[in-house]
Structure formats: structure tokens, C-alpha cells
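Asks: Okay, handing you the structure first.
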Amino acid sequence: MSIPVKGFVNANIYASFKPIKKANSMVIVGNKILYIGKQEVAEILTKKLNGEIIDLKGKTVIPAFIDSHIHLDSLAIFLNSLDLKDVKSIDELKNKLKEYYEKNKELSFIYGRGWDQEKLGRWPNKNDLDEVVKEKPVFLERICGHAGVVNSNLLEILEKNEFVKENGIVLENALQKIRKMMKYNEDEMIKFFQNLFNYLLSFGITTCGFVSCDIFSYNILRKMNEKGILPIRIKVYLNYDSLKHIKEKKIEGNEFLKILGVKIFADGSLGARTAALSKPYNDDKENKGILFYKREELVKIIKEVNELNLQLAIHAIGDEAIDVVLNSLKQFKNIERSRHRIEHASVIREEQIEMISKLKICVCVQPHFIKSDWWVLKRLGEERAKWIYPLKSMINKNLKLGFSTDAPVEPVNPFETIYVAVKRDNVDLLKYTKEERISLEEALHFYTYGSSYLLFEEENLGSLSSGKIADFIVLDKDPFKVSLEELKNIKVLMTFVGGELKYKANNK
């Protein structure tokens with residue numbers, strides 16, 4: 001069987017963003033780039049190799065996006081569940097729940113996600129849910145995934161502890177138990193995943209860091225990979241409970257599915273006031289959040305992960321949690337080689353950024369939090385405003401950054417995230433942190449090459465050059481030639497994975 005050869009010509013190609021490198025043509029042989037540069041050279045090479053010449057008619061091409069922190073299983077379920085992200089009152093929540101339940105009575109349980117008590121006016125409770133559904137378990141997660149509410153049917157099943165409240169509110173560890181209890185079957189999840197992958201490809205995302213993956217989801221993806229039906233590249237970070245499976249059995253991977261590491265939580269979220277802060281919350285003076293590990297406990301986990309030659313992705317949102325993480329990681333040598341990651345780093349002090357730079361630790365950030373956490377100044381107060389999502393400060397200290405969405409927490413569309421990163425789309429926060437806005441070049445760089453580094457793929461992905469894998473997307477507009485407001489509306493016309501067309505927009 002002959003290896004396919006394609007020459008893409010007459011294009012506006014951004015091969016990389018830091019620095020910006022441009023070309024107008026490239027030649028793909030098999031799944032890799034043979035040549036990128038001038039059109040006349042590309043045409044000669046393609047003809048000599050009996051390849052197909054594809055005229056892109058001046059369209060813009062960029063490297064495919066890499067979302068380095070995404071919950072693929074949760075997002076797959078979310079896209080097929082009750083969406084509560086835009087709900088603005090308790091009554092609206094109940095009406096949405098009723099409408100969804102009437103259409104899905106065959107389900108063994110009702111699941112929804114996306115509510116925010118700041119929009120609802122108060123926290124929802126079990127009585128609100130009971131009014132709509134009594135006979136089946138109902139589990140509605142807060143947008144952050146660190147709090148939720150259940151109806152009485154489900155509350156009676158749960159073991160009572162500090163994370164389970166009498167009013168039906170559940171926090172942190174209780175959510176993990178509920179997720180284990182309420183599972184879709186394998187056939188349902190395969191269908192959900194297939195729908196999700198097409199959805200991701202429509203936004204130009206060809207590689208993901210799948211965080212908090214359990215063995216159930218991994219085995220489904222493994223079977224799909226063995227059948228050759230994974231259209232995107234998935235780098236897996238198993239949850240800590242699944243670590244024993246790696247110890248018991250050597251798990252091989254390939255370019256489409258590979259276990260890279262382990263994901264753990266050092267604290268909770270700002271929205272649920274469970275992120276661990278060094279000083280109390282501005283709007284809850286008795287509360288500093290929840291710290292899940294002491295330093296000695298975290299050191300033990302890092303040692304365990306290091307011995308398995310795996311990468312550790314540590315969720316740490318509050319500055320107190322980041323302190324514990326940094327004080328634990330600095331006990332080890334050659335941290336740079338392991339590329340251990342801090343996830344989120346939402347509230348981070350200047351000296352912590354300095355230490356991260358010195359230790360060469362990777363940081364995975366989600367710029368869309370800037371917009372979604374519109375209430376963040378109320379949580380933290382003006383004195384800590386400069387510590388909130390300081391992207392430019394991180395870049396200035398040469399941190400190894402990768403961009404992501406934490407979807408389904410945030411929208412999966414990269415251009416929405418890029419827009420927020422460049423504009424810093426939070427009026428209250430912007431007043432104190434204008435200097436933390438970043439350039440378009442920087443935003444695109446950290447969504448491509450930056451994320452590829454976090455996933456150990458910078459030699460293969462993240463930019464377009466000879467020898468690299470041909471993952472790229474064709475856009476309807478040039479990001480550098482539209483207004484800032486138009487940026488978030490840029491559409492992906494085509495997505496190529498290893499030189500193969502995996503997505504094409506309708507009527508394009």
C-alpha cells in the first residue's frame with residue numbers, strides 16, 4: 001500500500017507563534033510533514049511523489065490545539081446530560097430538571113451539571129430536587145465539580161460524614177463516591193465518547209490530557225484504540241485510586257492512547273470555598289478552605305510516582321495548597337525531568353512563581369476561569385487581587401505553561417479561552433490586574449507548543465515543521481487580522497490528524 005502524499009498550497013500558514021514563523025505551503029507524507037515553506041517547492045515535491053495538490057485558497061492554517069487538562073469522561077456525560085450552566089434562579093433549575101426528567105424517564109438516575117449558587121441567589125437543596133423527582137436518584141453538580149446537590153432518594157444511600165450535609169449539599173470526597181456509584185454502562189460510554197471526539201475535532205482539538213481518568217474509562221478507550229477508532233490523541237492521567245493497576249500490570253501505549261501520569265487533589269475550588277488559602281476567605285472569615293494532604297503525605301506520593309517514572313499532576317488552586325506542593329516537590333532532585341505539573345494555580349503569590357521558575361515545575365492553567373469566576377474579588381478581596389490568575393507574571397518568569405479548559409467546567413472552544421486570556425474578561429478583576437493581560441501570540445503558543453511540552457510531545461506536536469506529525473487546522477479567519485471581539489467567533493473549517501481530514505464544517 002502506497003503512503004499518501006498531499007501538498008497543501010496557497011495557504012496562510014502560521015507554523016509557530018513564539019516566534020511567529022509563516023509559510024504558504026507544506027507537503028505531508030503519511031502522517032508527517034516533509035516540507036513547509038514556498039509554494040513552488042511544495043508543488044515540485046508533491047508532483048515528484050505522485051501526490052495530491054490541495055489549494056487552500058488563502059485560508060489560514062495553524063497547529064492543532066492541545067487541551068492539556070480536560071475531563072473526557074465527565075465532558076462526554078455532560079454533553080448527554082442536563083446542562084445547568086446558564087440557569088439563573090432556583091425556579092429555572094427546577095423547570096429544567098422537570099423538562100429533562102420527562103424526556104429521560106428510562107434512565108436509572110438523573111445527572112446534571114453547571115449550576116452556580118452565585119447566579120441562583122442561594123444554594124439549591126434536597127427539597128428543591130424532591131419537588132421534581134422523588135422516585136429516582138438525582139445528582140446535580142456545581143459547575144466546578146467540587147460541590148453538588150442530591151435529592152432525598154440519593155441522600156438516604158450516602159454514608160453520613162463531613163462532606164454530606166443534611167440539606168443535600170455534598171462536597172469533595174462525597175462527590176467521588178457518588179460518581180463511583182452512578183455509572184453508565186460500556187456501550188453508553190462508547191457512544192458518548194464518539195460524540196465527544198467529533199465535538200472536540202470541530203473546535204480543532206486533536207490532543208488532550210485526560211485528567212482524573214479511572215480504570216473503567218481507560219479500559220473503554222483502550223478497546224476503542226485497539227479497534228483503531230480513536231480519532232484524537234489522548235494522554236492519560238489516572239486518578240490516584242487507579243495507581244495500583246499500573247503497579248500490577250505493565251500498560252503499553254501508542255500515539256493515540258498513552259498513560260503519562262497520575263492526578264491528585266491538594267485542595268478544592270474557590271467557588272465552593274474549599275480551595276486552601278493562607279488567609280481566610282474575604283466573604284467567609286472563619287474559613288480557609290480544605291487542604292487534602294500534609295507535606296509528609298504528599299512527599300510520600302511524589303516518591304511513589306517517581307519510582308514508577310510517571311508524571312504527577314497536582315490540583316492546587318489556593319496559595320496554601322501551592323505552598324504545600326512546592327515544599328514537597330523541592331525535596332526531590334531532577335524535578336525538571338519528571339515535568340510534574342501544578343494544575344490551576346489560581347491564587348498564587350509572587351514568591352511562589354519565583355520558586356516554580358527555579359524548580360522548573362510545569363503549570364497547567366485555564367484562562368477562562370478569569371471570566372467564569374466573576375465573583376472572585378468577593379471571595380478574596382482587593383489585597384489578593386494581584387495573585388489571581390497572573391498569567392503575564394508567569395510568562396515573564398519563563399514558567400513552563402500549558403493552556404486548557406478543565407472542561408466540562410469551562411467551554412471547550414479554544415478561541416473563547418484565548419479571547420479571555422487576551423482581554424482579561426473580568427471588569428472587576430481587570431481594574432487591579434491590567435498588567436496580567438497577554439498577547440495573542442502568547443495565548444496561541446501556550447495552547448499549542450506550551451501544552452505539547454506538558455504532555456512530553458514537543459518533538460512531535462505543537463508547531464508545524466519538517467519531521468513533526470501533521471496535526472493542523474484550517475480557520476475561516478486569520479486570528480491576527482480580526483478585532484478582539486471577533487476572535488472568539490473564529491470557526492474551524494477543517495481539522496487534520498496525522499495528515500488525515502477528521503472534521504469538515506458543513507457547506508465549506
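Ligands are numbered from 1 in the order shown, residues from 1 within each chain, and chains are lettered A, B, ... in the order they appear in the C-alpha cells.
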Please report, as a PyMOL selection string, each residue of range 51-88 of chain A to which DSSP assigns helix (DSSP H, G or I) when run on this structure's backbone.

Replies: chain A and resi 72-78

Asks: Generate the output file for the selected residues, C-alpha atoms, as a JSON list (two decimals), in the first residue's frame.

Replies:
```
[["chain", "number", "residue", "atom", "x", "y", "z"],
["A", 72, "LEU", "CA", -13.09, 13.48, 28.90],
["A", 73, "ASP", "CA", -15.47, 11.16, 30.73],
["A", 74, "SER", "CA", -17.25, 13.98, 32.56],
["A", 75, "LEU", "CA", -17.47, 16.04, 29.37],
["A", 76, "ALA", "CA", -18.80, 13.07, 27.39],
["A", 77, "ILE", "CA", -21.50, 12.58, 30.01],
["A", 78, "PHE", "CA", -22.15, 16.32, 30.33]]
```

Asks: In terms of the shortest atom-to-atom distance over only C-alpha atoms, which of A:Asn153, A:Asn167, A:Asn24, A:Asn287 is closest to Asn10 in chain A?

Replies: A:Asn24

Asks: Would you pick out the contacts of Val61 in chain A at 8 Å or less, using only C-alpha atoms, so that residues sharing its chain but fewer than 6 positions from it are not included, and give the list as a PyMOL selection string?

Replies: chain A and resi 11-14+472-475

Asks: Which residues, written as a compact mmCIF listing (two decimals) with N, CA, C and O atoms, in the first residue's frame, have at least one atom at most 6 Å from Val262 in chain A, with only C-alpha atoms counted and residues fewer than 3 positions away on the same chain left out?

Replies:
```
# COMPACT_ATOMS: atom_id res chain seq x y z
N TYR A 237 -3.98 10.74 32.60
CA TYR A 237 -3.55 10.92 33.99
C TYR A 237 -4.59 10.23 34.86
O TYR A 237 -5.69 10.75 35.07
N LEU A 238 -4.24 9.03 35.33
CA LEU A 238 -5.18 8.25 36.12
C LEU A 238 -5.42 8.90 37.48
O LEU A 238 -4.56 9.61 38.01
N ASN A 239 -6.59 8.64 38.06
CA ASN A 239 -6.79 9.08 39.43
C ASN A 239 -5.94 8.21 40.36
O ASN A 239 -5.49 7.12 39.99
N LEU A 312 3.32 13.59 37.75
CA LEU A 312 2.27 13.89 38.73
C LEU A 312 1.61 15.22 38.38
O LEU A 312 2.29 16.23 38.21
```

Asks: May I have all residues of range 396-469 of chain A that DSSP, computed from the backbone, assigns to strand (DSSP E), given as a ChimeraX atom specification?

Replies: /A:400-403

Asks: Between CA of Leu221 in chain A and CA of Gly112 in chain A, what is the spacing in Å?

Replies: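 Here the two named atoms are 23.4 Å from each other.
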
Asks: Between A:Ala147, A:Ile54, A:Ile66, A:Leu484, which has the minimum distance to Gly402 in chain A (counting only C-alpha atoms)?

Replies: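 Of A:Ala147, A:Ile54, A:Ile66, A:Leu484, the one nearest Gly402 in chain A, counting only C-alpha atoms, is A:Ile66.
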